[in-house]
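Asker: Next comes the structure file work33.cif, holding mmCIF, C-alpha atoms.
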```cif
data_final
loop_
_atom_site.label_atom_id
_atom_site.label_comp_id
_atom_site.auth_asym_id
_atom_site.auth_seq_id
_atom_site.Cartn_x
_atom_site.Cartn_y
_atom_site.Cartn_z
CA MET S 291 -168.69 -80.92 83.42
CA LEU S 292 -170.60 -81.46 86.59
CA LYS S 293 -167.98 -83.82 87.88
CA ASP S 294 -165.24 -81.35 87.18
CA ILE S 295 -167.12 -78.60 89.04
CA PHE S 296 -167.81 -80.83 92.02
CA PHE S 297 -164.19 -81.93 92.09
CA LYS S 298 -162.90 -78.39 92.07
CA LYS S 299 -165.23 -77.48 94.98
CA ASN S 300 -164.05 -80.43 97.03
CA ILE S 301 -160.45 -79.50 96.43
CA SER S 302 -161.15 -75.96 97.58
CA TYR S 303 -162.86 -77.21 100.76
CA VAL S 304 -159.96 -79.47 101.54
CA PHE S 305 -157.53 -76.66 101.00
CA LEU S 306 -159.39 -74.44 103.40
CA PHE S 307 -159.54 -77.16 106.00
CA PHE S 308 -155.79 -77.77 105.90
CA THR S 309 -154.93 -74.09 106.02
CA SER S 310 -157.11 -73.58 109.08
CA LEU S 311 -155.59 -76.61 110.74
CA LEU S 312 -152.09 -75.28 110.14
CA PHE S 313 -153.09 -71.91 111.62
CA ILE S 314 -154.39 -73.51 114.78
CA LEU S 315 -151.27 -75.60 115.22
CA SER S 316 -149.03 -72.62 114.71
CA SER S 317 -150.89 -70.64 117.39
CA CYS S 318 -150.65 -73.47 119.91
CA SER S 319 -146.94 -73.75 119.36
CA LYS S 320 -146.52 -70.05 120.05
CA ASN S 321 -148.43 -70.35 123.31
CA GLU S 322 -146.19 -73.14 124.48
CA LYS S 323 -143.04 -71.12 123.77
CA ASN S 324 -144.19 -67.92 125.58
CA PRO S 325 -143.76 -69.05 129.32
CA GLU S 326 -140.00 -68.64 129.20
CA PRO S 327 -140.05 -64.79 129.03
CA LYS S 328 -142.35 -64.71 132.10
CA THR S 329 -139.84 -66.52 134.23
CA ILE S 330 -137.23 -64.14 132.98
CA GLU S 331 -139.41 -61.19 134.03
CA LYS S 332 -139.88 -62.71 137.47
CA GLN S 333 -136.18 -63.20 137.86
CA ASP S 334 -135.54 -59.65 136.74
CA PHE S 335 -138.07 -58.32 139.34
CA LYS S 336 -136.42 -60.27 142.13
CA THR S 337 -133.00 -59.01 141.24
CA LYS S 338 -134.29 -55.45 141.02
CA LEU S 339 -135.99 -55.79 144.42
CA SER S 340 -132.86 -57.17 146.07
CA THR S 341 -130.72 -54.37 144.64
CA GLN S 342 -133.21 -51.71 145.80
CA GLN S 343 -133.34 -53.14 149.31
CA ALA S 344 -129.57 -53.19 149.49
CA SER S 345 -129.38 -49.56 148.35
CA PHE S 346 -131.96 -48.45 150.90
CA GLU S 347 -130.19 -50.31 153.68
CA GLN S 348 -126.96 -48.57 152.81
CA LYS S 349 -128.62 -45.10 152.79
CA ASP S 350 -130.89 -45.29 155.82
CA ASN S 351 -132.05 -48.35 157.64
CA THR S 352 -134.96 -46.41 159.27
CA HIS S 353 -136.72 -45.36 156.05
CA PRO S 354 -138.47 -48.12 154.13
CA PRO S 355 -138.18 -48.24 150.31
CA GLU S 356 -140.90 -46.73 148.19
CA SER S 357 -141.61 -49.96 146.32
CA ILE S 358 -141.81 -52.87 148.70
CA SER S 359 -143.35 -56.29 148.71
CA THR S 360 -146.81 -57.10 149.98
CA LYS S 361 -145.40 -58.67 153.17
CA SER S 362 -143.48 -55.53 154.05
CA GLN S 363 -146.59 -53.44 153.32
CA THR S 364 -148.69 -55.50 155.68
CA SER S 365 -146.01 -55.28 158.37
CA HIS S 366 -145.87 -51.50 158.09
CA ILE S 367 -149.65 -51.29 158.17
CA LYS S 368 -149.69 -53.41 161.33
CA GLN S 369 -147.10 -51.18 162.94
CA ARG S 370 -149.13 -48.06 162.11
CA VAL S 371 -152.32 -49.61 163.44
CA PHE S 372 -150.50 -50.65 166.62
CA LYS S 373 -149.14 -47.12 167.07
CA ASN S 374 -152.59 -45.56 166.58
CA VAL S 375 -154.17 -48.00 169.04
CA TYR S 376 -151.37 -47.33 171.54
CA ARG S 377 -151.83 -43.57 171.22
CA LYS S 378 -155.59 -43.93 171.66
CA LEU S 379 -155.17 -46.09 174.76
CA THR S 380 -152.62 -43.74 176.32
CA SER S 381 -154.77 -40.66 175.61
CA ASP S 382 -157.85 -42.37 177.08
CA SER S 383 -155.90 -43.45 180.15
CA THR S 384 -154.49 -39.96 180.73
CA GLN S 385 -157.93 -38.45 180.19
CA HIS S 386 -159.42 -40.95 182.62
CA ILE S 387 -156.71 -40.16 185.17
CA SER S 388 -157.30 -36.40 184.77
CA THR S 389 -161.06 -36.79 185.15
CA HIS S 390 -160.49 -39.01 188.16
CA ASN S 391 -158.22 -36.40 189.72
CA LEU S 392 -160.79 -33.71 188.97
CA SER S 393 -163.52 -35.74 190.62
CA ILE S 394 -161.32 -36.31 193.67
CA SER S 395 -160.50 -32.57 193.88
CA SER S 396 -164.18 -31.66 193.55
CA GLN S 397 -165.05 -34.15 196.28
CA ASN S 398 -162.39 -32.64 198.53
CA LYS S 399 -163.75 -29.15 197.85
CA ASP S 400 -167.26 -30.31 198.66
CA ARG S 401 -166.01 -31.86 201.88
CA GLN S 402 -164.19 -28.67 202.79
CA PHE S 403 -167.31 -26.65 201.96
CA PHE S 404 -169.62 -28.75 204.12
CA SER S 405 -167.10 -29.13 206.92
CA LYS S 406 -166.37 -25.40 207.00
CA LYS S 407 -167.69 -23.69 210.09
CA GLU S 408 -169.99 -20.75 209.70
CA GLU S 409 -168.53 -17.38 210.58
CA PRO S 410 -170.42 -15.13 212.95
CA ILE S 411 -172.85 -12.76 211.29
CA LEU S 412 -174.25 -9.59 212.72
CA ASP S 413 -177.64 -9.71 211.05
CA PRO S 414 -179.29 -12.97 210.00
CA SER S 415 -180.52 -11.36 206.80
CA CYS S 416 -176.92 -10.76 205.73
CA SER S 417 -174.59 -13.25 204.11
CA ASP S 418 -171.71 -14.98 205.94
CA GLU S 419 -169.29 -12.38 204.57
CA ALA S 420 -171.19 -9.19 205.34
CA SER S 421 -170.22 -6.08 203.46
CA LEU S 422 -168.41 -3.41 205.45
CA HIS S 423 -170.70 -0.75 203.98
CA GLN S 424 -174.09 -2.44 204.27
CA PHE S 425 -176.95 -0.08 204.95
CA SER S 426 -180.47 -0.99 206.14
CA PHE S 427 -183.47 1.29 206.25
CA TRP S 428 -186.98 0.73 207.61
CA ILE S 429 -190.16 2.65 208.38
CA GLY S 430 -193.04 1.58 210.61
CA SER S 431 -196.45 2.67 211.76
CA GLY S 432 -199.15 1.27 213.98
CA PHE S 433 -201.14 1.38 217.17
CA ASN S 434 -199.90 3.14 220.30
CA TYR S 435 -201.05 3.15 223.90
CA LEU S 436 -199.81 5.88 226.26
CA ASN S 437 -200.44 5.89 230.00
CA TYR S 438 -199.35 9.08 231.78
CA ILE S 439 -199.56 9.43 235.57
CA GLN S 440 -198.42 12.51 237.48
CA THR S 441 -198.72 13.13 241.22
CA SER S 442 -197.89 16.56 242.62
CA THR S 443 -198.24 18.67 245.76
CA SER S 444 -200.75 20.77 243.79
CA GLU S 445 -204.10 19.20 243.09
CA THR S 446 -204.38 20.87 239.70
CA GLU S 447 -201.13 19.21 238.56
CA SER S 448 -202.09 15.65 239.48
CA GLY S 449 -203.87 13.29 237.17
CA ASN S 450 -204.01 9.93 235.41
CA PHE S 451 -204.19 10.33 231.67
CA SER S 452 -204.21 7.65 228.98
CA ASP S 453 -204.64 7.74 225.24
CA GLN S 454 -204.84 5.23 222.39
CA THR S 455 -203.92 6.36 218.93
CA LEU S 456 -202.93 5.05 215.50
CA SER S 457 -200.44 7.86 214.89
CA ALA S 458 -197.30 6.03 216.01
CA ILE S 459 -194.51 6.51 213.44
CA SER S 460 -190.99 5.09 213.58
CA ILE S 461 -187.97 5.35 211.31
CA GLY S 462 -184.76 3.34 211.64
CA ALA S 463 -181.45 2.74 209.91
CA ASP S 464 -178.47 0.40 210.38
CA VAL S 465 -174.91 0.97 209.16
CA HIS S 466 -172.51 -1.98 209.34
CA ILE S 467 -168.88 -1.16 209.99
CA SER S 468 -167.65 -4.77 210.29
CA ASN S 469 -168.91 -8.33 210.52
CA LYS S 470 -169.38 -7.90 214.26
CA SER S 471 -170.39 -4.30 214.76
CA LYS S 472 -172.86 -1.75 213.47
CA PHE S 473 -174.61 1.50 214.39
CA ASP S 474 -178.38 1.59 214.80
CA PHE S 475 -180.52 4.73 214.66
CA GLN S 476 -184.22 4.98 215.63
CA TYR S 477 -186.68 7.83 215.77
CA ASN S 478 -190.16 7.42 217.33
CA GLN S 479 -193.02 9.89 217.47
CA VAL S 480 -196.46 9.55 219.00
CA SER S 481 -199.19 12.17 218.85
CA GLY S 482 -201.97 12.17 221.43
CA LYS S 483 -204.18 14.23 223.70
CA ILE S 484 -204.47 14.72 227.45
CA SER S 485 -208.03 15.01 228.66
CA THR S 486 -208.72 17.35 231.58
CA GLN S 487 -210.23 16.15 234.84
CA GLY S 488 -212.14 18.16 237.44
CA GLU S 489 -211.19 21.80 237.74
CA THR S 490 -207.92 21.35 235.84
CA THR S 491 -207.75 23.54 232.74
CA LEU S 492 -204.83 23.08 230.33
CA ASP S 493 -203.45 25.67 227.96
CA LYS S 494 -203.17 22.89 225.33
CA THR S 495 -204.26 19.29 225.19
CA ASP S 496 -202.16 18.11 222.26
CA LEU S 497 -199.24 15.96 223.26
CA VAL S 498 -196.27 14.86 221.12
CA ARG S 499 -194.00 12.18 222.51
CA LYS S 500 -190.61 11.94 220.80
CA SER S 501 -187.64 9.70 221.38
CA VAL S 502 -184.33 9.23 219.58
CA ALA S 503 -181.91 6.34 220.11
CA ILE S 504 -178.41 5.73 218.72
CA ASP S 505 -176.92 2.34 219.57
CA PHE S 506 -173.58 0.72 218.95
CA GLN S 507 -174.14 -3.02 218.58
CA TYR S 508 -171.38 -5.59 218.99
CA LEU S 509 -171.84 -9.28 218.22
CA LEU S 510 -170.91 -11.17 221.38
CA LEU S 511 -171.71 -14.74 220.38
CA GLN S 512 -172.86 -16.52 217.24
CA LYS S 513 -173.99 -20.13 217.65
CA GLU S 514 -175.56 -21.76 214.61
CA GLN S 515 -178.64 -19.65 213.80
CA ASN S 516 -178.65 -17.78 217.14
CA SER S 517 -176.83 -14.51 217.79
CA TYR S 518 -176.34 -12.51 220.99
CA THR S 519 -175.44 -8.84 220.68
CA LEU S 520 -174.41 -6.20 223.21
CA LEU S 521 -176.02 -2.76 222.94
CA PHE S 522 -174.44 0.54 224.01
CA GLY S 523 -176.43 3.67 223.28
CA LEU S 524 -177.48 7.24 223.87
CA ASN S 525 -181.15 8.22 224.11
CA GLU S 526 -183.21 11.39 224.09
CA HIS S 527 -186.77 11.49 225.48
CA HIS S 528 -189.33 14.27 225.37
CA VAL S 529 -191.72 14.05 228.33
CA PRO S 530 -194.54 16.40 229.43
CA ILE S 531 -194.88 17.87 232.91
CA LEU S 532 -197.97 19.72 234.20
CA SER S 533 -197.10 23.05 235.84
CA THR S 534 -199.43 25.77 237.22
CA ASP S 535 -199.20 29.40 236.16
CA ASN S 536 -200.52 31.18 239.26
CA GLU S 537 -200.75 34.57 237.55
CA LYS S 538 -203.08 33.28 234.85
CA SER S 539 -204.64 30.51 236.93
CA LEU S 540 -203.82 28.11 234.14
CA VAL S 541 -202.05 24.75 233.98
CA ASN S 542 -199.34 24.54 231.35
CA LEU S 543 -198.21 21.41 229.54
CA LEU S 544 -194.44 21.85 229.52
CA ASP S 545 -192.04 19.99 227.27
CA ASN S 546 -188.90 18.59 228.86
CA GLN S 547 -185.85 16.76 227.58
CA LEU S 548 -184.19 13.74 229.21
CA LEU S 549 -180.80 12.37 228.10
CA THR S 550 -179.90 8.80 229.06
CA ALA S 551 -177.16 6.25 228.45
CA SER S 552 -178.30 2.70 227.78
CA PHE S 553 -176.86 -0.77 228.04
CA GLY S 554 -178.66 -3.87 226.82
CA VAL S 555 -178.71 -7.21 225.06
CA LYS S 556 -180.38 -8.31 221.84
CA TYR S 557 -181.15 -11.85 220.77
CA LYS S 558 -181.79 -12.88 217.17
CA ARG S 559 -182.63 -16.16 215.53
CA LYS S 560 -182.60 -16.85 211.83
CA HIS S 561 -185.06 -19.50 210.67
CA LYS S 562 -184.63 -21.57 207.52
CA SER S 563 -187.90 -20.27 206.07
CA HIS S 564 -186.46 -16.69 205.87
CA PHE S 565 -188.19 -15.69 209.12
CA ASN S 566 -186.16 -13.83 211.75
CA TYR S 567 -187.07 -13.53 215.40
CA GLU S 568 -185.58 -10.97 217.76
CA ALA S 569 -185.89 -9.64 221.28
CA SER S 570 -184.06 -6.82 223.04
CA LEU S 571 -183.94 -5.25 226.49
CA ASN S 572 -182.21 -2.01 227.53
CA TYR S 573 -181.57 -0.41 230.88
CA GLN S 574 -181.18 3.37 230.78
CA LYS S 575 -179.37 5.70 233.16
CA LEU S 576 -180.29 9.40 233.26
CA PHE S 577 -177.35 11.82 233.15
CA ALA S 578 -178.95 15.14 232.04
CA ALA S 579 -182.37 16.83 232.03
CA LYS S 580 -183.68 20.29 231.15
CA SER S 581 -186.91 22.14 230.56
CA LEU S 582 -187.39 23.36 226.99
CA ASN S 583 -189.53 26.23 228.32
CA GLY S 584 -186.63 27.81 230.20
CA HIS S 585 -187.54 26.74 233.75
CA ASN S 586 -185.31 25.14 236.36
CA LEU S 587 -185.81 21.38 236.36
CA GLN S 588 -184.18 18.70 238.49
CA ILE S 589 -184.81 15.01 237.90
CA ASN S 590 -184.22 12.06 240.21
CA PRO S 591 -184.70 8.92 238.12
CA LYS S 592 -186.19 5.75 239.57
CA PHE S 593 -186.26 3.29 236.72
CA ILE S 594 -186.03 3.63 232.95
CA PHE S 595 -186.05 0.74 230.51
CA ASP S 596 -187.25 -0.27 227.06
CA GLY S 597 -187.69 -3.57 225.26
CA SER S 598 -189.02 -5.04 222.03
CA LEU S 599 -190.14 -8.26 220.39
CA GLY S 600 -190.37 -8.78 216.64
CA VAL S 601 -190.69 -11.19 213.77
CA SER S 602 -189.79 -10.38 210.18
CA ARG S 603 -189.91 -12.10 206.82
CA TYR S 604 -186.99 -11.50 204.46
CA PHE S 605 -187.26 -11.67 200.66
CA ASP S 606 -184.59 -12.32 198.04
CA SER S 607 -184.76 -8.77 196.72
CA GLY S 608 -183.50 -7.39 200.08
CA PHE S 609 -186.89 -6.23 201.34
CA TYR S 610 -188.38 -7.46 204.57
CA LEU S 611 -191.72 -7.08 206.32
CA GLY S 612 -192.04 -7.35 210.09
CA LEU S 613 -194.39 -7.04 213.03
CA TYR S 614 -192.87 -5.50 216.18
CA TRP S 615 -194.04 -4.75 219.66
CA SER S 616 -192.06 -2.29 221.78
CA ILE S 617 -192.53 -0.94 225.27
CA GLN S 618 -190.91 1.88 227.22
CA SER S 619 -191.25 2.78 230.87
CA ILE S 620 -189.99 5.97 232.54
CA ASP S 621 -190.33 6.62 236.30
CA PHE S 622 -188.76 9.63 237.98
CA GLU S 623 -189.19 12.30 240.65
CA TYR S 624 -188.92 15.95 239.69
CA GLU S 625 -188.63 19.46 241.15
CA LEU S 626 -189.70 22.31 238.89
CA THR S 627 -189.15 25.99 239.73
CA ARG S 628 -190.80 28.72 237.69
CA LEU S 629 -190.41 32.29 238.89
CA SER S 630 -190.79 32.01 242.67
CA ASN S 631 -193.02 28.93 242.71
CA THR S 632 -191.62 25.45 243.16
CA SER S 633 -193.59 22.28 242.62
CA LYS S 634 -192.53 18.74 243.40
CA GLY S 635 -193.90 15.44 242.29
CA SER S 636 -193.37 12.15 240.50
CA GLN S 637 -194.23 10.89 237.09
CA SER S 638 -194.71 7.50 235.46
CA ILE S 639 -194.97 7.04 231.68
CA LEU S 640 -195.79 3.76 229.96
CA ASP S 641 -195.56 3.86 226.19
CA SER S 642 -196.45 0.71 224.24
CA ASN S 643 -196.95 0.29 220.49
CA ILE S 644 -197.42 -2.40 217.87
CA GLN S 645 -196.06 -1.56 214.44
CA LEU S 646 -195.85 -2.98 210.98
CA ARG S 647 -192.42 -2.28 209.51
CA LEU S 648 -191.18 -2.34 205.94
CA GLY S 649 -187.42 -2.42 205.47
CA TRP S 650 -184.76 -2.72 202.81
CA ASP S 651 -181.19 -4.00 203.06
CA ILE S 652 -178.86 -2.12 200.70
CA LEU S 653 -175.47 -3.71 200.01
#
```
Starting from the file, give its structure as structure tokens.
Answerer:
Amino acid sequence: MLKDIFFKKNISYVFLFFTSLLFILSSCSKNEKNPEPKTIEKQDFKTKLSTQQASFEQKDNTHPPESISTKSQTSHIKQRVFKNVYRKLTSDSTQHISTHNLSISSQNKDRQFFSKKEEPILDPSCSDEASLHQFSFWIGSGFNYLNYIQTSTSETESGNFSDQTLSAISIGADVHISNKSKFDFQYNQVSGKISTQGETTLDKTDLVRKSVAIDFQYLLLQKEQNSYTLLFGLNEHHVPILSTDNEKSLVNLLDNQLLTASFGVKYKRKHKSHFNYEASLNYQKLFAAKSLNGHNLQINPKFIFDGSLGVSRYFDSGFYLGLYWSIQSIDFEYELTRLSNTSKGSQSILDSNIQLRLGWDIL
């Protein structure tokens, strides 16, 4: 029994071994027969590719087929890369050329700017292209010294009077009408007193000296920071004259008006530190005179002039602050007739003041 069982088991093992061996051999044979369809598929792909290329070449030689080989893909990729690089290079070159041209044009503009000559300016505080409607205003006050000398045929009308006061007030304005011309207006007033000497008795001792000047200024020459200007003006002066009232045995302080025409020159220099320096000198010619008290007055002028020196500091806001010294001298001979009495004499007035001025340029 045991032998039979052992025999049957061996037969079963052998049978399994042979069946597995046959299965392995059959699978290997199948694998050896399969390569032939692959070659067929490769041949079919080549034929399809050749037919597609021929059809695309017949339709349009410029458009590549949708399904192409790896070599054609790489060639197209290279072409695209080359085109992109070419576009980048051309854009960079054109941009470089444009920037180069811009730099050259900016250099030319800078050269033209620095080589451009400065145009004449009327006032150093103004720009090179002054506005036609520029307006300047200033006000000043300071110390004044007045020396008044009168000699007459009457002893009561002769005297040497002088006064120092801090009541000097001045107001001025400029109106520009072009780059080379402007009108200048000035008003000056000084209050003082005349002290009596000896037996002379005055009806009043208060004295008010007034003067008004209107000038037309024309720029004659502008050289770098220096300017030379011609001055043509009209002036009004109020001067006192001592006259005796024989009926009342009293000396009157009469107010008289002198009208003069002036001609002068003004020099100005603009400094880089915003400081301006100026000097002016005017000669005046008398052409009319009258007594404001209603008497008959005749004037024979000797010499009349005025001058000034000043320095000012300009600020960016248009304001400026300056220190000015001005002087005025009036010498003349007179003949005054009141009622039936006529008195003759000469007079010399020296008016000097130092002022601090605050101004503003309005564009």
Asker: In Å, rounded to a single decimal, give me how far atom CA of S:Lys483 is from atom CA of S:Val498.
Answerer: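 Interatomic distance, atom CA of S:Val498 to atom CA of S:Lys483: 8.3 Å.
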Asker: Write out as a ChimeraX atom specification each polymer residue whose atoms come within 8 Å of S:Leu436, counting all atoms listed in the file; drop sequence neighbours fewer than 5 positions from it.
Answerer: /S:452-454,639-642
Asker: Provide the atom CA of S:Val555 to atom CA of S:Asn516 distance in Å, to one decimal place.
Answerer: 13.2 Å
Asker: Show me, as a tab-separated table, the residues of stretch 424-454 of chain S having an atom within 8 Å of stretch 521-533 of chain S, each with the closest atom pair and its distance in Å, using all atoms listed in the file.
Answerer:
```
residue	atom	partner	partner_atom	distance
S:Gln440	CA	S:Ile531	CA	7.9
S:Glu447	CA	S:Leu532	CA	5.4
S:Ser448	CA	S:Leu532	CA	7.8
```
Asker: May I ask which of the residues S:Ile467, S:Leu576, S:Ile620, S:Leu599 is the closest one to S:Asn437, counting all atoms listed in the file?
Answerer: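 Answer, going by the shortest atom-to-atom distance: S:Ile620.
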Asker: Could you tell me which of S:Leu629, S:Ile617, S:Leu540, S:Val601 comes closest to S:Lys494 if we count all atoms listed in the file?
Answerer: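 Of S:Leu629, S:Ile617, S:Leu540, S:Val601, the one nearest S:Lys494, counting all atoms listed in the file, is S:Leu540.
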Asker: Quick one: pull the distance between atom CA of S:Ser431 and atom CA of S:Tyr508, Å, one decimal.
Answerer: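 Computing it gives 27.4 Å between the two atoms.
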Asker: Check what the PyMOL selection byres ((chain S and resi 613-616) around 7) selects in the file above and give those residues as a PyMOL selection string.
Answerer: chain S and resi 597-602+612+617-618+642-647
Asker: Pick out the closest residue to S:Ile594 from this set: S:His564, S:Ala569, S:Ser607, S:Ser552. Count only C-alpha atoms.
Answerer: S:Ser552
Asker: Taking the file as shown, find all residues satisfying the PyMOL selection byres ((chain S and resi 493) around 12) and write them as a PDB file with C-alpha atoms, in the frame of the given file.
Answerer:
```pdb
ATOM      1  CA  ILE S 484    -204.470  14.720 227.450  1.00  0.00           C
ATOM      2  CA  SER S 485    -208.030  15.010 228.660  1.00  0.00           C
ATOM      3  CA  THR S 486    -208.720  17.350 231.580  1.00  0.00           C
ATOM      4  CA  THR S 490    -207.920  21.350 235.840  1.00  0.00           C
ATOM      5  CA  THR S 491    -207.750  23.540 232.740  1.00  0.00           C
ATOM      6  CA  LEU S 492    -204.830  23.080 230.330  1.00  0.00           C
ATOM      7  CA  LYS S 494    -203.170  22.890 225.330  1.00  0.00           C
ATOM      8  CA  THR S 495    -204.260  19.290 225.190  1.00  0.00           C
ATOM      9  CA  ASP S 496    -202.160  18.110 222.260  1.00  0.00           C
ATOM     10  CA  LEU S 497    -199.240  15.960 223.260  1.00  0.00           C
ATOM     11  CA  LEU S 532    -197.970  19.720 234.200  1.00  0.00           C
ATOM     12  CA  SER S 533    -197.100  23.050 235.840  1.00  0.00           C
ATOM     13  CA  THR S 534    -199.430  25.770 237.220  1.00  0.00           C
ATOM     14  CA  ASP S 535    -199.200  29.400 236.160  1.00  0.00           C
ATOM     15  CA  LYS S 538    -203.080  33.280 234.850  1.00  0.00           C
ATOM     16  CA  SER S 539    -204.640  30.510 236.930  1.00  0.00           C
ATOM     17  CA  LEU S 540    -203.820  28.110 234.140  1.00  0.00           C
ATOM     18  CA  VAL S 541    -202.050  24.750 233.980  1.00  0.00           C
ATOM     19  CA  ASN S 542    -199.340  24.540 231.350  1.00  0.00           C
ATOM     20  CA  LEU S 543    -198.210  21.410 229.540  1.00  0.00           C
ATOM     21  CA  LEU S 544    -194.440  21.850 229.520  1.00  0.00           C
TER      22      LEU S 544
END
```
Asker: For the provided coordinates, the residues matched by the PyMOL selection byres ((chain S and resi 609) around 10) should be stated as a compact mmCIF listing (two decimals) with C-alpha atoms, in the frame of the given file.
Answerer:
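Final output, saved to out_14.txt:
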```txt
# COMPACT_ATOMS: atom_id res chain seq x y z
CA SER S 415 -180.52 -11.36 206.80
CA SER S 426 -180.47 -0.99 206.14
CA PHE S 427 -183.47 1.29 206.25
CA TRP S 428 -186.98 0.73 207.61
CA ARG S 603 -189.91 -12.10 206.82
CA TYR S 604 -186.99 -11.50 204.46
CA PHE S 605 -187.26 -11.67 200.66
CA ASP S 606 -184.59 -12.32 198.04
CA SER S 607 -184.76 -8.77 196.72
CA GLY S 608 -183.50 -7.39 200.08
CA TYR S 610 -188.38 -7.46 204.57
CA LEU S 611 -191.72 -7.08 206.32
CA LEU S 648 -191.18 -2.34 205.94
CA GLY S 649 -187.42 -2.42 205.47
CA TRP S 650 -184.76 -2.72 202.81
CA ASP S 651 -181.19 -4.00 203.06
CA ILE S 652 -178.86 -2.12 200.70
```
Asker: Might I get the box with edges along x, y and z of the file that holds all atoms of stretch 444-456 of chain S listed there, padded by 4 Å on every side, given as centre and edge lengths in Å to one decimal, as lines of an AutoDock Vina configuration file?
Answerer:
```
center_x = -202.8
center_y = 13.0
center_z = 229.6
size_x = 12.1
size_y = 23.8
size_z = 36.3
```
Asker: Within 8 Å of S:Phe473, counting all atoms listed in the file, which residues show up once you throw out same-chain ones fewer than 2 positions away? Write them as a PDB file with C-alpha atoms, in the frame of the given file, please.
Answerer:
```pdb
ATOM      1  CA  ASP S 464    -178.470   0.400 210.380  1.00  0.00           C
ATOM      2  CA  VAL S 465    -174.910   0.970 209.160  1.00  0.00           C
ATOM      3  CA  HIS S 466    -172.510  -1.980 209.340  1.00  0.00           C
ATOM      4  CA  ILE S 467    -168.880  -1.160 209.990  1.00  0.00           C
ATOM      5  CA  SER S 471    -170.390  -4.300 214.760  1.00  0.00           C
ATOM      6  CA  PHE S 475    -180.520   4.730 214.660  1.00  0.00           C
ATOM      7  CA  ILE S 504    -178.410   5.730 218.720  1.00  0.00           C
ATOM      8  CA  ASP S 505    -176.920   2.340 219.570  1.00  0.00           C
ATOM      9  CA  PHE S 506    -173.580   0.720 218.950  1.00  0.00           C
ATOM     10  CA  GLN S 507    -174.140  -3.020 218.580  1.00  0.00           C
TER      11      GLN S 507
END
```
Asker: Give the answer as one residue: which of S:Phe595, S:Phe622, S:Tyr573, S:Phe425 has the shortest atom-to-atom distance to S:Gly635, using all atoms listed in the file?
Answerer: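 Closest to S:Gly635 of all the choices is S:Phe622.
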Asker: Can you work out which one of S:Asn590, S:Leu653, S:Leu626, S:Ala463 has the shortest atom-to-atom distance to S:Gln424, counting only C-alpha atoms?
Answerer: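 For S:Gln424, the nearest of the candidates is S:Leu653.
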